[in-house]
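Take a look at the structure set out below.
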Amino acid sequence: MNAAVSPFRIETFKVACSNCNLRELCLPVGVSDEQIERLDRLVGARRSVPRGDALFHAGDGFASLYAVRTGFFKTCVASEDGREQVTGFQMAGELLGLDGIGTERHTVDAVALEDSQVCVIPYHQLTDLSRELSDLQRQFHKIMSREIVRDHGVMLLLGSMRAEERMAAFLLNLTQRLRARGFSATDLVLRMTREEIGSYLGLKLETVSRAFSKFQDDGILEVRQRQIRILDAAALQKLVNVPSR
């Protein structure tokens, strides 16, 4: 961790990947008990990040990847005029820190949207172990590919979709990711603000609010501040599948 960054509350107890309920999301299927033990030794600490605190900042030296164990994060950068541009949202079972691999410096801030906890994965130790465990290496490549595909998806959202279509795609993506973690795909609490959603999707706050109101008026959503109930997922999917104009 960069010395200029405020110290985190670190709990230095053993992390047992074999007993983690997110194991199937973070680890390759079919690794042996011996390989799991070696992964347990690699992932040697958890770090608590209170809501509003940064796990790392743009410009910090890169040393580790972070698997989100509990909580929710946003990644963001500061534009030239000082405004914040949200580049992504990460939830339990997903990785943070991949942005630092190329230059050995982080290019974004990673900020906790609620009290969160991450598993710390020293990157160079991970790459050494991946050379020995081909299943782990393949899994890591899949994770990197998934992040690239997600970035391309956002570019398509910003380039070819209207506001309502962007919102529909965002909500569908969020519910699909939640479902993969065993959560409800219809009832969710948005951890991010509407301003942050707008920043991510390239929409103004008023546009985001109007989209939520229209979805509620059309019987697609039930909206109670940050509590969302999806009443008609098929209608959201139909919006996303509208041909480009």
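Every chain in the structure tokens has a letter given in the order shown (A, B, ...), and although residue numbers restart at 1 in each chain, ligands are simply numbered from 1 in the order shown.
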What's the 10 Å shell around Leu236 (chain A), counting only C-alpha atoms, without same-chain residues fewer than 3 positions away, as a CSV table (one decimal) with N, CA and C atoms, in the first residue's frame?
chain,number,residue,atom,x,y,z
A,164,GLU,N,-33.6,5.3,-21.5
A,164,GLU,CA,-34.3,4.3,-20.9
A,164,GLU,C,-33.7,2.9,-21.1
A,165,GLU,N,-33.1,2.7,-22.3
A,165,GLU,CA,-32.5,1.5,-22.7
A,165,GLU,C,-31.2,1.3,-21.8
A,167,MET,N,-30.7,2.4,-18.8
A,167,MET,CA,-31.2,2.1,-17.4
A,167,MET,C,-31.7,0.7,-17.4
A,168,ALA,N,-32.4,0.2,-18.4
A,168,ALA,CA,-32.9,-1.2,-18.4
A,168,ALA,C,-31.7,-2.1,-18.4
A,169,ALA,N,-30.7,-1.9,-19.3
A,169,ALA,CA,-29.5,-2.7,-19.3
A,169,ALA,C,-28.8,-2.8,-18.0
A,170,PHE,N,-28.6,-1.6,-17.4
A,170,PHE,CA,-27.9,-1.5,-16.1
A,170,PHE,C,-28.6,-2.4,-15.0
A,171,LEU,N,-30.0,-2.3,-14.9
A,171,LEU,CA,-30.7,-3.0,-13.9
A,171,LEU,C,-30.7,-4.5,-14.2
A,172,LEU,N,-30.8,-4.9,-15.5
A,172,LEU,CA,-30.7,-6.3,-15.8
A,172,LEU,C,-29.3,-6.9,-15.5
A,215,PHE,N,-40.5,3.9,-15.5
A,215,PHE,CA,-40.6,2.5,-15.3
A,215,PHE,C,-41.7,2.2,-14.2
A,220,ILE,N,-43.3,-1.5,-14.6
A,220,ILE,CA,-42.1,-2.3,-14.7
A,220,ILE,C,-41.4,-2.5,-13.4
A,221,LEU,N,-41.3,-1.4,-12.6
A,221,LEU,CA,-40.6,-1.3,-11.3
A,221,LEU,C,-41.6,-0.8,-10.2
A,230,ILE,N,-38.4,-5.4,-9.1
A,230,ILE,CA,-38.7,-5.6,-10.6
A,230,ILE,C,-39.9,-6.4,-10.8
A,231,LEU,N,-40.9,-5.7,-11.4
A,231,LEU,CA,-42.2,-6.4,-11.6
A,231,LEU,C,-42.4,-7.0,-12.9
A,232,ASP,N,-41.6,-6.5,-13.9
A,232,ASP,CA,-41.7,-7.0,-15.3
A,232,ASP,C,-40.3,-7.0,-15.9
A,233,ALA,N,-39.6,-8.1,-15.6
A,233,ALA,CA,-38.2,-8.2,-16.2
A,233,ALA,C,-38.2,-8.3,-17.7
A,239,LEU,N,-36.8,-3.6,-23.8
A,239,LEU,CA,-36.2,-2.3,-24.0
A,239,LEU,C,-34.7,-2.5,-24.5
A,240,VAL,N,-34.0,-3.4,-23.9
A,240,VAL,CA,-32.6,-3.6,-24.2
A,240,VAL,C,-32.5,-4.2,-25.7
A,241,ASN,N,-33.4,-5.0,-26.1
A,241,ASN,CA,-33.4,-5.6,-27.4
A,241,ASN,C,-33.9,-4.8,-28.5
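The gap separating CA of Met91 (chain A) from CA of Cys119 (chain A) is 12.8 Å, in Å to one decimal.
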List every residue of region 54-236 of chain A that DSSP, applied to the backbone, labels as strand (DSSP E or B), and write the result as a ChimeraX atom specification. /A:54-56,61,64-70,72-78,84-91,95-96,105,109-112,116-122,187-189,221-224,227-230
Include C-alpha atoms and write out the residues we just selected as an mmCIF file, in the first residue's frame.
data_model
loop_
_atom_site.group_PDB
_atom_site.id
_atom_site.type_symbol
_atom_site.label_atom_id
_atom_site.label_comp_id
_atom_site.auth_asym_id
_atom_site.auth_seq_id
_atom_site.Cartn_x
_atom_site.Cartn_y
_atom_site.Cartn_z
ATOM 1 C CA ALA A 54 -10.945 4.242 -0.466
ATOM 2 C CA LEU A 55 -9.368 0.824 -0.811
ATOM 3 C CA PHE A 56 -6.833 2.459 -3.127
ATOM 4 C CA GLY A 61 1.501 1.618 -6.380
ATOM 5 C CA SER A 64 -2.336 -6.800 -4.771
ATOM 6 C CA LEU A 65 -5.681 -7.745 -6.183
ATOM 7 C CA TYR A 66 -8.705 -7.632 -3.904
ATOM 8 C CA ALA A 67 -11.622 -10.062 -3.894
ATOM 9 C CA VAL A 68 -14.741 -8.409 -2.494
ATOM 10 C CA ARG A 69 -15.975 -10.638 0.324
ATOM 11 C CA THR A 70 -18.790 -8.434 1.616
ATOM 12 C CA PHE A 72 -20.095 -2.944 -2.509
ATOM 13 C CA PHE A 73 -17.574 -0.658 -4.257
ATOM 14 C CA LYS A 74 -17.438 1.872 -7.038
ATOM 15 C CA THR A 75 -14.412 2.654 -9.164
ATOM 16 C CA CYS A 76 -14.048 6.208 -10.405
ATOM 17 C CA VAL A 77 -11.664 8.760 -11.860
ATOM 18 C CA ALA A 78 -11.541 12.547 -11.607
ATOM 19 C CA GLU A 84 -16.085 12.358 -10.673
ATOM 20 C CA GLN A 85 -16.603 9.822 -13.464
ATOM 21 C CA VAL A 86 -17.801 6.431 -12.217
ATOM 22 C CA THR A 87 -16.241 3.601 -14.220
ATOM 23 C CA GLY A 88 -17.792 0.575 -12.529
ATOM 24 C CA PHE A 89 -19.497 -1.070 -9.566
ATOM 25 C CA GLN A 90 -18.147 -4.198 -7.871
ATOM 26 C CA MET A 91 -19.939 -6.546 -5.493
ATOM 27 C CA LEU A 95 -12.142 -8.521 -8.137
ATOM 28 C CA LEU A 96 -10.730 -5.036 -7.687
ATOM 29 C CA ARG A 105 0.027 1.890 -10.634
ATOM 30 C CA ASP A 109 -10.070 5.150 -7.052
ATOM 31 C CA ALA A 110 -11.920 2.213 -5.443
ATOM 32 C CA VAL A 111 -14.385 3.540 -2.857
ATOM 33 C CA ALA A 112 -16.630 1.504 -0.547
ATOM 34 C CA SER A 116 -17.085 -3.724 3.136
ATOM 35 C CA GLN A 117 -14.423 -6.384 3.463
ATOM 36 C CA VAL A 118 -11.946 -7.675 0.898
ATOM 37 C CA CYS A 119 -9.513 -10.557 0.703
ATOM 38 C CA VAL A 120 -5.995 -9.352 -0.148
ATOM 39 C CA ILE A 121 -4.283 -11.357 -2.911
ATOM 40 C CA PRO A 122 -0.582 -10.453 -3.448
ATOM 41 C CA ASP A 187 -35.869 -7.268 -4.940
ATOM 42 C CA LEU A 188 -32.723 -5.219 -4.467
ATOM 43 C CA VAL A 189 -31.349 -2.230 -2.627
ATOM 44 C CA LEU A 221 -40.622 -1.347 -11.325
ATOM 45 C CA GLU A 222 -41.762 -0.532 -7.841
ATOM 46 C CA VAL A 223 -39.443 2.175 -6.515
ATOM 47 C CA ARG A 224 -39.109 3.199 -2.867
ATOM 48 C CA GLN A 227 -35.368 -0.143 -2.720
ATOM 49 C CA ILE A 228 -36.275 -1.551 -6.132
ATOM 50 C CA ARG A 229 -38.673 -4.356 -6.972
ATOM 51 C CA ILE A 230 -38.669 -5.555 -10.570
#
For Ser130 (chain A), work out the shell of residues within 12 Å, counting only C-alpha atoms and skipping chain neighbours fewer than 2 positions away, then give it as a ChimeraX atom specification. /A:27-28,35,38-39,42,123-128,132-141
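Picture a line from CA of Met192 (chain A) to CA of Gly102 (chain A); it runs 28.2 Å.
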DSSP on the backbone, helix (DSSP H, G or I) only: what residues of region 72-223 of chain A does that give? Format it as an MDAnalysis selection string. chainID A and resid 98:100 123:132 134:160 163:180 194:201 205:217
Near Arg226 (chain A), within 8 Å and counting only C-alpha atoms, which residues show up once chain neighbours fewer than 6 positions away are dropped, as an NGL selection string? :A and (189-191 or 193)
If you keep C-alpha atoms, can you produce a file of those selected residues as a JSON list (two decimals), in the first residue's frame?
[["chain", "number", "residue", "atom", "x", "y", "z"],
["A", 189, "VAL", "CA", -31.35, -2.23, -2.63],
["A", 190, "LEU", "CA", -29.27, 0.09, -4.77],
["A", 191, "ARG", "CA", -25.98, 0.78, -2.99],
["A", 193, "THR", "CA", -26.87, 7.00, -5.62]]
Which residue, A:Met161, A:Val43, A:Ala211, A:Met144, has the smallest gap to Gly97 (chain A) when you use only C-alpha atoms?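 Nearest to Gly97 (chain A): A:Met144.
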Length of the CA of Arg47 (chain A) to CA of Leu98 (chain A) vector [Å]: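 Going from CA of Arg47 (chain A) over to CA of Leu98 (chain A) covers 17.4 Å.
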